[in-house]
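Here is work10.cif, consisting of mmCIF, C-alpha atoms:
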```cif
data_protein
#
loop_
_atom_site.group_PDB
_atom_site.id
_atom_site.type_symbol
_atom_site.label_atom_id
_atom_site.label_comp_id
_atom_site.auth_asym_id
_atom_site.auth_seq_id
_atom_site.Cartn_x
_atom_site.Cartn_y
_atom_site.Cartn_z
ATOM 1 C CA MET A 1 250.683 243.563 272.519
ATOM 2 C CA VAL A 2 251.893 243.000 276.062
ATOM 3 C CA PRO A 3 252.128 246.268 277.985
ATOM 4 C CA GLY A 4 255.194 246.899 280.078
ATOM 5 C CA LYS A 5 255.496 247.634 283.766
ATOM 6 C CA ASN A 6 256.109 251.311 284.365
ATOM 7 C CA SER A 7 258.280 252.320 287.285
ATOM 8 C CA PRO A 8 261.733 253.867 287.578
ATOM 9 C CA GLU A 9 262.275 251.606 290.625
ATOM 10 C CA LEU A 10 262.343 248.564 288.331
ATOM 11 C CA TYR A 11 265.783 249.422 286.950
ATOM 12 C CA PRO A 12 268.929 251.101 288.355
ATOM 13 C CA VAL A 13 269.318 254.869 288.461
ATOM 14 C CA ILE A 14 272.898 255.896 289.217
ATOM 15 C CA ASP A 15 273.795 259.375 290.446
ATOM 16 C CA PHE A 16 277.218 260.390 289.175
ATOM 17 C CA SER A 17 277.521 263.102 291.804
ATOM 18 C CA LEU A 18 278.065 260.403 294.443
ATOM 19 C CA PRO A 19 281.597 259.310 295.434
ATOM 20 C CA GLU A 20 283.221 257.039 292.848
ATOM 21 C CA SER A 21 283.622 254.298 295.467
ATOM 22 C CA VAL A 22 279.824 254.109 295.661
ATOM 23 C CA THR A 23 279.211 254.549 291.950
ATOM 24 C CA LYS A 24 281.589 251.763 290.872
ATOM 25 C CA SER A 25 279.792 249.048 292.829
ATOM 26 C CA GLN A 26 276.412 250.312 291.605
ATOM 27 C CA LEU A 27 277.598 250.216 287.992
ATOM 28 C CA VAL A 28 278.794 246.622 288.228
ATOM 29 C CA ALA A 29 275.578 245.498 289.920
ATOM 30 C CA ALA A 30 273.498 247.221 287.224
ATOM 31 C CA CYS A 31 275.525 245.626 284.422
ATOM 32 C CA GLU A 32 275.260 242.181 286.023
ATOM 33 C CA GLN A 33 271.570 242.271 286.878
ATOM 34 C CA PHE A 34 270.073 244.389 284.085
ATOM 35 C CA GLY A 35 272.645 245.297 281.455
ATOM 36 C CA PHE A 36 270.997 248.703 281.639
ATOM 37 C CA PHE A 37 270.880 251.769 283.865
ATOM 38 C CA GLN A 38 270.054 255.465 283.945
ATOM 39 C CA VAL A 39 272.746 258.045 284.676
ATOM 40 C CA THR A 40 271.867 261.323 286.390
ATOM 41 C CA ASN A 41 274.136 264.292 287.192
ATOM 42 C CA HIS A 42 276.459 263.217 284.388
ATOM 43 C CA GLY A 43 278.052 266.632 283.921
ATOM 44 C CA ILE A 44 277.406 266.997 280.177
ATOM 45 C CA PRO A 45 276.215 270.577 279.515
ATOM 46 C CA ILE A 46 272.586 270.756 278.384
ATOM 47 C CA GLN A 47 273.626 273.229 275.675
ATOM 48 C CA ILE A 48 275.603 270.507 273.879
ATOM 49 C CA ILE A 49 272.585 268.195 273.991
ATOM 50 C CA ASN A 50 270.067 270.832 272.908
ATOM 51 C CA LYS A 51 272.235 272.012 270.045
ATOM 52 C CA LEU A 52 272.348 268.582 268.426
ATOM 53 C CA GLU A 53 268.701 267.835 269.148
ATOM 54 C CA SER A 54 267.749 271.063 267.383
ATOM 55 C CA GLN A 55 269.884 270.135 264.380
ATOM 56 C CA ALA A 56 268.336 266.655 264.275
ATOM 57 C CA ALA A 57 264.796 268.037 264.478
ATOM 58 C CA SER A 58 265.588 270.370 261.591
ATOM 59 C CA PHE A 59 266.798 267.471 259.471
ATOM 60 C CA PHE A 60 263.751 265.289 260.104
ATOM 61 C CA SER A 61 261.424 268.229 259.357
ATOM 62 C CA LEU A 62 262.823 268.470 255.807
ATOM 63 C CA PRO A 63 260.643 267.286 252.904
ATOM 64 C CA LEU A 64 261.032 263.559 252.271
ATOM 65 C CA SER A 65 262.491 264.288 248.845
ATOM 66 C CA ASP A 66 265.382 266.131 250.518
ATOM 67 C CA LYS A 67 265.979 263.471 253.166
ATOM 68 C CA LEU A 68 266.052 260.752 250.514
ATOM 69 C CA LYS A 69 269.133 262.428 249.051
ATOM 70 C CA ALA A 70 270.955 260.974 252.064
ATOM 71 C CA ALA A 71 269.527 257.495 251.364
ATOM 72 C CA PRO A 72 269.877 254.580 251.337
ATOM 73 C CA ALA A 73 271.321 253.559 254.694
ATOM 74 C CA ASP A 74 273.964 251.143 253.351
ATOM 75 C CA PRO A 75 274.700 251.103 256.250
ATOM 76 C CA PHE A 76 275.310 254.850 256.665
ATOM 77 C CA GLY A 77 272.742 257.396 255.585
ATOM 78 C CA TYR A 78 269.024 258.050 255.865
ATOM 79 C CA GLY A 79 266.527 255.244 256.315
ATOM 80 C CA ASP A 80 262.741 255.124 256.491
ATOM 81 C CA LYS A 81 261.001 252.151 258.182
ATOM 82 C CA LYS A 82 263.360 249.487 256.810
ATOM 83 C CA ILE A 83 265.893 248.406 259.451
ATOM 84 C CA GLY A 84 268.875 246.498 258.103
ATOM 85 C CA CYS A 85 268.680 244.196 255.100
ATOM 86 C CA ASN A 86 266.630 241.295 256.465
ATOM 87 C CA ASP A 87 263.041 242.567 256.250
ATOM 88 C CA ASP A 88 262.868 244.120 259.724
ATOM 89 C CA ILE A 89 260.426 247.032 259.660
ATOM 90 C CA GLY A 90 259.873 249.742 262.264
ATOM 91 C CA PHE A 91 257.693 252.816 262.491
ATOM 92 C CA LEU A 92 260.522 255.330 262.350
ATOM 93 C CA GLU A 93 262.959 257.211 260.178
ATOM 94 C CA PHE A 94 266.620 257.455 261.084
ATOM 95 C CA LEU A 95 270.045 258.780 260.239
ATOM 96 C CA LEU A 96 273.048 256.523 260.826
ATOM 97 C CA LEU A 97 276.540 258.022 260.715
ATOM 98 C CA HIS A 98 280.059 256.922 261.559
ATOM 99 C CA THR A 99 281.439 258.929 264.481
ATOM 100 C CA ASN A 100 284.475 259.765 262.362
ATOM 101 C CA THR A 101 282.863 262.553 260.312
ATOM 102 C CA SER A 102 285.971 262.894 258.179
ATOM 103 C CA LYS A 103 285.014 259.704 256.338
ATOM 104 C CA SER A 104 284.000 261.187 252.974
ATOM 105 C CA SER A 105 281.384 258.596 252.005
ATOM 106 C CA ASN A 106 279.730 259.082 255.381
ATOM 107 C CA TYR A 107 279.627 262.876 255.280
ATOM 108 C CA GLN A 108 279.107 263.587 251.578
ATOM 109 C CA LYS A 109 275.835 261.679 251.504
ATOM 110 C CA PHE A 110 274.522 263.789 254.362
ATOM 111 C CA LEU A 111 275.835 266.986 252.784
ATOM 112 C CA LYS A 112 273.620 266.334 249.728
ATOM 113 C CA ALA A 113 270.526 266.333 251.902
ATOM 114 C CA PHE A 114 271.362 269.186 254.241
ATOM 115 C CA GLY A 115 273.437 271.539 252.102
ATOM 116 C CA GLU A 116 275.449 274.233 253.896
ATOM 117 C CA PRO A 117 273.777 273.620 257.295
ATOM 118 C CA ALA A 118 275.454 270.185 257.238
ATOM 119 C CA GLU A 119 278.633 271.818 258.526
ATOM 120 C CA LYS A 120 276.742 273.176 261.527
ATOM 121 C CA PHE A 121 275.262 269.722 262.113
ATOM 122 C CA ARG A 122 278.685 268.105 261.912
ATOM 123 C CA GLY A 123 280.030 270.545 264.509
ATOM 124 C CA ALA A 124 277.140 269.845 266.889
ATOM 125 C CA MET A 125 277.476 266.093 266.413
ATOM 126 C CA LYS A 126 281.250 266.139 266.930
ATOM 127 C CA GLU A 127 280.885 268.042 270.202
ATOM 128 C CA TYR A 128 278.083 265.766 271.428
ATOM 129 C CA VAL A 129 279.833 262.522 270.484
ATOM 130 C CA ALA A 130 283.025 263.640 272.235
ATOM 131 C CA ALA A 131 281.029 264.251 275.425
ATOM 132 C CA VAL A 132 279.104 260.975 275.446
ATOM 133 C CA LYS A 133 282.198 258.976 274.463
ATOM 134 C CA LYS A 134 283.982 260.456 277.475
ATOM 135 C CA LEU A 135 281.039 259.413 279.661
ATOM 136 C CA ALA A 136 281.097 255.891 278.182
ATOM 137 C CA CYS A 137 284.831 255.613 278.819
ATOM 138 C CA GLU A 138 284.445 256.785 282.419
ATOM 139 C CA ILE A 139 281.810 254.089 282.967
ATOM 140 C CA LEU A 140 283.964 251.380 281.385
ATOM 141 C CA GLU A 141 287.008 252.379 283.425
ATOM 142 C CA MET A 142 285.072 252.367 286.684
ATOM 143 C CA VAL A 143 283.635 248.897 286.058
ATOM 144 C CA ALA A 144 287.072 247.589 285.034
ATOM 145 C CA GLU A 145 288.549 248.888 288.281
ATOM 146 C CA GLU A 146 285.721 247.407 290.333
ATOM 147 C CA LEU A 147 286.238 244.046 288.585
ATOM 148 C CA LYS A 148 289.993 244.350 289.297
ATOM 149 C CA ILE A 149 290.836 244.230 285.595
ATOM 150 C CA GLN A 150 294.217 245.602 284.574
ATOM 151 C CA PRO A 151 294.831 247.938 282.927
ATOM 152 C CA ARG A 152 291.993 250.212 283.963
ATOM 153 C CA ASN A 153 291.410 251.176 280.333
ATOM 154 C CA ALA A 154 291.084 247.571 279.118
ATOM 155 C CA PHE A 155 287.601 248.381 277.751
ATOM 156 C CA SER A 156 287.765 252.129 277.185
ATOM 157 C CA LYS A 157 290.917 251.993 275.044
ATOM 158 C CA LEU A 158 288.862 250.258 272.355
ATOM 159 C CA LEU A 159 286.580 253.301 272.094
ATOM 160 C CA MET A 160 289.511 255.725 272.233
ATOM 161 C CA ASP A 161 291.435 253.926 269.472
ATOM 162 C CA GLU A 162 291.642 256.066 266.323
ATOM 163 C CA ASN A 163 290.273 253.078 264.394
ATOM 164 C CA SER A 164 287.336 252.565 266.738
ATOM 165 C CA ASP A 165 284.304 251.420 264.754
ATOM 166 C CA SER A 166 281.790 253.525 266.682
ATOM 167 C CA VAL A 167 278.589 254.809 265.118
ATOM 168 C CA PHE A 168 275.959 257.402 265.909
ATOM 169 C CA ARG A 169 272.261 257.033 265.259
ATOM 170 C CA LEU A 170 269.370 259.500 265.296
ATOM 171 C CA ASN A 171 265.923 257.895 265.473
ATOM 172 C CA HIS A 172 262.728 259.848 264.792
ATOM 173 C CA TYR A 173 259.397 258.206 265.664
ATOM 174 C CA PRO A 174 256.316 260.101 264.391
ATOM 175 C CA PRO A 175 253.207 259.970 266.624
ATOM 176 C CA ALA A 176 251.203 256.739 266.262
ATOM 177 C CA ALA A 177 248.144 258.810 265.390
ATOM 178 C CA SER A 178 249.787 259.627 262.061
ATOM 179 C CA HIS A 179 249.222 256.056 260.903
ATOM 180 C CA GLY A 180 245.769 255.462 262.372
ATOM 181 C CA GLY A 181 246.413 255.093 266.104
ATOM 182 C CA GLY A 182 247.204 252.165 268.384
ATOM 183 C CA ASP A 183 250.601 251.223 269.791
ATOM 184 C CA VAL A 184 253.014 250.004 267.127
ATOM 185 C CA ILE A 185 256.580 248.719 267.099
ATOM 186 C CA GLY A 186 258.870 251.646 266.483
ATOM 187 C CA PHE A 187 262.036 249.532 266.701
ATOM 188 C CA GLY A 188 261.779 245.783 267.304
ATOM 189 C CA GLU A 189 263.378 243.897 270.179
ATOM 190 C CA HIS A 190 267.119 243.394 269.897
ATOM 191 C CA THR A 191 270.452 243.666 271.664
ATOM 192 C CA ASP A 192 273.224 246.036 270.601
ATOM 193 C CA PRO A 193 276.275 244.238 269.183
ATOM 194 C CA GLN A 194 278.848 246.842 270.244
ATOM 195 C CA ILE A 195 280.521 247.310 273.644
ATOM 196 C CA ILE A 196 278.310 250.014 275.135
ATOM 197 C CA SER A 197 275.466 252.277 273.994
ATOM 198 C CA VAL A 198 274.638 255.720 275.376
ATOM 199 C CA LEU A 199 271.069 256.828 274.654
ATOM 200 C CA ARG A 200 269.353 260.132 275.201
ATOM 201 C CA SER A 201 265.801 260.959 274.125
ATOM 202 C CA ASN A 202 263.392 263.841 274.312
ATOM 203 C CA SER A 203 260.387 263.791 276.662
ATOM 204 C CA ILE A 204 258.354 261.251 274.664
ATOM 205 C CA SER A 205 258.191 257.691 276.020
ATOM 206 C CA GLY A 206 258.649 254.432 274.146
ATOM 207 C CA LEU A 207 261.783 252.602 275.360
ATOM 208 C CA GLN A 208 261.274 249.231 277.047
ATOM 209 C CA ILE A 209 263.793 246.727 278.402
ATOM 210 C CA LEU A 210 263.252 242.996 278.922
ATOM 211 C CA LYS A 211 263.859 241.654 282.419
ATOM 212 C CA ASP A 212 262.920 238.147 283.572
ATOM 213 C CA GLY A 213 260.456 237.727 280.722
ATOM 214 C CA SER A 214 258.620 241.018 281.318
ATOM 215 C CA TRP A 215 258.908 244.305 279.450
ATOM 216 C CA ILE A 216 259.719 247.275 281.673
ATOM 217 C CA CYS A 217 258.749 250.735 280.436
ATOM 218 C CA VAL A 218 261.510 253.307 280.832
ATOM 219 C CA PRO A 219 260.032 256.773 281.456
ATOM 220 C CA PRO A 220 261.794 259.442 279.398
ATOM 221 C CA ASP A 221 264.114 261.895 281.091
ATOM 222 C CA LYS A 222 265.733 264.390 278.754
ATOM 223 C CA ASN A 223 268.246 265.328 281.442
ATOM 224 C CA SER A 224 269.585 261.770 281.831
ATOM 225 C CA PHE A 225 271.415 259.211 279.745
ATOM 226 C CA PHE A 226 270.465 255.555 279.487
ATOM 227 C CA ILE A 227 273.282 253.034 279.192
ATOM 228 C CA HIS A 228 272.995 249.646 277.460
ATOM 229 C CA VAL A 229 275.523 246.825 277.812
ATOM 230 C CA GLY A 230 276.305 245.458 274.342
ATOM 231 C CA ASP A 231 277.025 241.923 273.152
ATOM 232 C CA SER A 232 280.773 242.556 272.946
ATOM 233 C CA LEU A 233 280.972 243.617 276.598
ATOM 234 C CA GLU A 234 278.977 240.545 277.625
ATOM 235 C CA VAL A 235 281.579 238.376 275.881
ATOM 236 C CA MET A 236 284.577 240.242 277.310
ATOM 237 C CA THR A 237 283.169 239.840 280.836
ATOM 238 C CA ASN A 238 282.518 236.140 280.105
ATOM 239 C CA GLY A 239 278.795 236.555 280.583
ATOM 240 C CA ARG A 240 279.069 238.367 283.906
ATOM 241 C CA PHE A 241 277.532 241.464 282.341
ATOM 242 C CA LYS A 242 274.335 240.960 280.359
ATOM 243 C CA SER A 243 273.568 242.505 276.984
ATOM 244 C CA VAL A 244 270.108 243.990 277.452
ATOM 245 C CA ARG A 245 267.260 243.144 275.089
ATOM 246 C CA HIS A 246 265.187 246.238 274.371
ATOM 247 C CA ARG A 247 262.648 247.751 271.968
ATOM 248 C CA VAL A 248 260.749 250.962 271.283
ATOM 249 C CA LEU A 249 256.967 251.241 271.107
ATOM 250 C CA VAL A 250 255.281 254.242 269.516
ATOM 251 C CA ASN A 251 252.618 255.256 272.010
ATOM 252 C CA SER A 252 249.127 255.784 270.621
ATOM 253 C CA SER A 253 248.520 258.622 273.089
ATOM 254 C CA ALA A 254 251.654 260.592 272.163
ATOM 255 C CA SER A 255 250.935 263.842 270.363
ATOM 256 C CA LYS A 256 254.557 264.593 269.502
ATOM 257 C CA SER A 257 257.426 262.711 267.895
ATOM 258 C CA ARG A 258 259.997 260.775 269.888
ATOM 259 C CA LEU A 259 263.581 261.724 269.023
ATOM 260 C CA SER A 260 266.470 259.676 270.350
ATOM 261 C CA MET A 261 270.224 260.017 269.913
ATOM 262 C CA ILE A 262 272.411 256.946 270.436
ATOM 263 C CA TYR A 263 276.177 256.567 270.545
ATOM 264 C CA PHE A 264 277.304 252.983 269.946
ATOM 265 C CA GLY A 265 280.846 252.513 271.231
ATOM 266 C CA GLY A 266 282.571 249.840 269.173
ATOM 267 C CA PRO A 267 286.114 248.445 268.914
ATOM 268 C CA PRO A 268 288.357 248.530 265.839
ATOM 269 C CA LEU A 269 287.263 246.079 263.131
ATOM 270 C CA SER A 270 290.368 243.916 263.634
ATOM 271 C CA GLU A 271 289.979 243.709 267.423
ATOM 272 C CA LYS A 272 289.694 240.193 268.827
ATOM 273 C CA ILE A 273 286.715 239.854 271.151
ATOM 274 C CA ALA A 274 286.994 237.168 273.823
ATOM 275 C CA PRO A 275 286.533 236.772 277.592
ATOM 276 C CA LEU A 276 289.316 238.563 279.465
ATOM 277 C CA PRO A 277 291.743 236.215 281.260
ATOM 278 C CA ALA A 278 291.086 237.987 284.567
ATOM 279 C CA LEU A 279 287.430 236.898 284.383
ATOM 280 C CA THR A 280 288.022 233.276 283.393
ATOM 281 C CA GLU A 281 290.459 232.242 286.128
ATOM 282 C CA GLY A 282 289.343 228.967 287.657
ATOM 283 C CA GLY A 283 286.505 228.561 285.176
ATOM 284 C CA ASP A 284 285.565 228.047 281.567
ATOM 285 C CA SER A 285 285.479 230.608 278.820
ATOM 286 C CA LEU A 286 281.844 230.749 277.733
ATOM 287 C CA TYR A 287 282.487 232.239 274.301
ATOM 288 C CA LYS A 288 284.662 231.543 271.281
ATOM 289 C CA GLU A 289 287.047 234.281 270.178
ATOM 290 C CA PHE A 290 286.019 236.360 267.164
ATOM 291 C CA THR A 291 286.985 239.657 265.606
ATOM 292 C CA TRP A 292 284.623 242.609 265.714
ATOM 293 C CA PHE A 293 284.527 242.539 261.907
ATOM 294 C CA GLU A 294 283.344 238.907 261.966
ATOM 295 C CA TYR A 295 280.642 239.588 264.515
ATOM 296 C CA LYS A 296 279.488 242.783 262.826
ATOM 297 C CA LEU A 297 279.213 240.975 259.489
ATOM 298 C CA PHE A 298 277.235 238.182 261.142
ATOM 299 C CA ALA A 299 274.943 240.708 262.859
ATOM 300 C CA TYR A 300 274.066 242.336 259.533
ATOM 301 C CA LYS A 301 272.937 238.940 258.213
ATOM 302 C CA THR A 302 270.538 238.255 261.087
ATOM 303 C CA ARG A 303 267.096 239.510 262.079
ATOM 304 C CA LEU A 304 266.824 242.034 264.885
ATOM 305 C CA ALA A 305 265.341 239.594 267.410
ATOM 306 C CA ASP A 306 267.834 236.786 266.732
ATOM 307 C CA ASN A 307 270.127 235.593 269.510
ATOM 308 C CA ARG A 308 273.372 236.548 267.785
ATOM 309 C CA LEU A 309 275.663 235.430 270.586
ATOM 310 C CA GLY A 310 274.238 231.920 270.519
ATOM 311 C CA LEU A 311 276.457 230.965 267.594
ATOM 312 C CA PHE A 312 279.581 232.061 269.469
ATOM 313 C CA GLY A 313 278.918 230.245 272.729
ATOM 314 C CA LYS A 314 281.127 227.278 273.630
ATOM 315 C CA VAL A 315 279.213 223.994 273.775
ATOM 316 C CA GLY A 316 279.530 222.374 277.181
ATOM 317 C CA ALA A 317 280.859 225.479 278.942
ATOM 318 C CA SER A 318 279.406 225.980 282.369
#
```

Starting from the file, give its structure as structure tokens.
Amino acid sequence: MVPGKNSPELYPVIDFSLPESVTKSQLVAACEQFGFFQVTNHGIPIQIINKLESQAASFFSLPLSDKLKAAPADPFGYGDKKIGCNDDIGFLEFLLLHTNTSKSSNYQKFLKAFGEPAEKFRGAMKEYVAAVKKLACEILEMVAEELKIQPRNAFSKLLMDENSDSVFRLNHYPPAASHGGGDVIGFGEHTDPQIISVLRSNSISGLQILKDGSWICVPPDKNSFFIHVGDSLEVMTNGRFKSVRHRVLVNSSASKSRLSMIYFGGPPLSEKIAPLPALTEGGDSLYKEFTWFEYKLFAYKTRLADNRLGLFGKVGAS
């Protein structure tokens, strides 16, 4: 297994306490060159983060028989090792939920596993998701303004729509020693199909991003958020922003579990995804138009490492 380079200088770190005029240009550069960046001084209270992390840790510490009451992940619910429906396997367990907790099928399955404390979990998740969605929208509005896209909320309105198909995922990676040692794939290489992903993890390492053919290790920072450009944003920017390929390794030297919390900001299912006119003036559109429902359905039928956007590229576009 090829080890990754390990240095925070190998990817952008953006300080949100700086003037917006500085931040906007840094955001666009990060999205163009990496499709990934770290956000510091984001303003989200640590209490909101810690509250949900505590609730998540409590869930994953339950006996397997209890957690399986929230299974299978079809797609929402509890999953163990099996990722998706195409034989992708990872060394993790997870909980996938729609961000709209009022969806009965989404919440009732979790209620069976967690009982009365599920209400406390739902409250913590709702508060956390509201905070990270606001952060995601701020990022999307700043990049739209820097790219001179009108209106400023051209991207963020898709996350704010009441029919936004956004999801929330909790990933729990037990220490590698629990299966005999040695680094193993916790979550295989892939890109995120949505618009934008906001990740936060505890102090255990594992995340790697692919840049110019090399894997870069991303040191954990529980006080920061890590932002991933998704496939849909790559299409809407006509390839100017790059959807980042990433993976998680379970470190053989880790003595504790890695716990990550990811908000995937997605558009409504009926939304048409295509390069914005403002970014195709004087040039070709690199991608065919598709609805988010079509792309999501296609993504579920593919393997994690597949190049999903390849099917939607326009032949001969340059």

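Taking CA of Pro174 (chain A) and CA of Phe59 (chain A) as endpoints, the distance between them is 13.7 Å.
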
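Comparing the minimum interatomic distances between Glu93 (chain A) and each of A:Phe60, A:Phe121, A:Phe168, A:Tyr11, counting all atoms listed in the file, we find that A:Phe60 sits nearest.
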
If you count all atoms listed in the file, which residues fall within 12 Å of Asp306 (chain A), apart from same-chain ones fewer than 4 positions away, as a VMD selection string?
chain A and resid 86 88 188 to 193 245 298 to 302 310 to 311

Could you tell me which of A:Gly283, A:Asp15, A:Arg303, A:Val39 comes closest to Ile89 (chain A) if we count all atoms listed in the file?
A:Arg303

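What the PyMOL selection byres ((chain A and resi 92) around 10) picks from this file is Gly79, Asp80, Lys81, Lys82, Ile83, Ile89, Gly90, Phe91, Glu93, Phe94, Asn171, His172, Tyr173, Pro174, Pro175, Ile185, Gly186, Phe187, Val248, Val250, Ser257, Arg258 and Leu259 of chain A.
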
Take the PyMOL selection byres ((chain A and resi 291) around 12), apply it to the structure above, and return the hits as a PyMOL selection string.
chain A and resi 194+232+235-236+266-274+288-290+292-298+312

Restrict the selected residues to C-alpha atoms and save them as an mmCIF file, in the coordinates of the input.
```
data_model
loop_
_atom_site.group_PDB
_atom_site.id
_atom_site.type_symbol
_atom_site.label_atom_id
_atom_site.label_comp_id
_atom_site.auth_asym_id
_atom_site.auth_seq_id
_atom_site.Cartn_x
_atom_site.Cartn_y
_atom_site.Cartn_z
ATOM 1 C CA GLN A 194 278.848 246.842 270.244
ATOM 2 C CA SER A 232 280.773 242.556 272.946
ATOM 3 C CA VAL A 235 281.579 238.376 275.881
ATOM 4 C CA MET A 236 284.577 240.242 277.310
ATOM 5 C CA GLY A 266 282.571 249.840 269.173
ATOM 6 C CA PRO A 267 286.114 248.445 268.914
ATOM 7 C CA PRO A 268 288.357 248.530 265.839
ATOM 8 C CA LEU A 269 287.263 246.079 263.131
ATOM 9 C CA SER A 270 290.368 243.916 263.634
ATOM 10 C CA GLU A 271 289.979 243.709 267.423
ATOM 11 C CA LYS A 272 289.694 240.193 268.827
ATOM 12 C CA ILE A 273 286.715 239.854 271.151
ATOM 13 C CA ALA A 274 286.994 237.168 273.823
ATOM 14 C CA LYS A 288 284.662 231.543 271.281
ATOM 15 C CA GLU A 289 287.047 234.281 270.178
ATOM 16 C CA PHE A 290 286.019 236.360 267.164
ATOM 17 C CA TRP A 292 284.623 242.609 265.714
ATOM 18 C CA PHE A 293 284.527 242.539 261.907
ATOM 19 C CA GLU A 294 283.344 238.907 261.966
ATOM 20 C CA TYR A 295 280.642 239.588 264.515
ATOM 21 C CA LYS A 296 279.488 242.783 262.826
ATOM 22 C CA LEU A 297 279.213 240.975 259.489
ATOM 23 C CA PHE A 298 277.235 238.182 261.142
ATOM 24 C CA PHE A 312 279.581 232.061 269.469
#
```

Ranking A:Pro12, A:Gly115, A:Gly213, A:Gly35 by minimum distance to Leu233 (chain A) and counting all atoms listed in the file, which one comes first?
A:Gly35

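Residues matched by the PyMOL selection byres ((chain A and resi 197) around 7) in this file: A:Ile196, A:Val198, A:Leu199, A:Ile227, A:His228, A:Val229, A:Gly230, A:Ile262, A:Tyr263, A:Phe264, A:Gly265.
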
Do a neighbour search on Ser25 (chain A) at 9 Å with all atoms listed in the file, toss out local chain neighbours closer than 5 positions, and write the hits as a compact mmCIF listing (two decimals) with C-alpha atoms, in the frame of the given file.
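The resulting part29.txt:
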```
# COMPACT_ATOMS: atom_id res chain seq x y z
CA GLU A 20 283.22 257.04 292.85
CA ALA A 30 273.50 247.22 287.22
CA MET A 142 285.07 252.37 286.68
CA VAL A 143 283.64 248.90 286.06
CA GLU A 146 285.72 247.41 290.33
```

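Using only C-alpha atoms, the shortest contact distance between Ala136 (chain A) and any of A:Met160, A:Ile48, A:Pro219, A:Asn100 is found at A:Met160.
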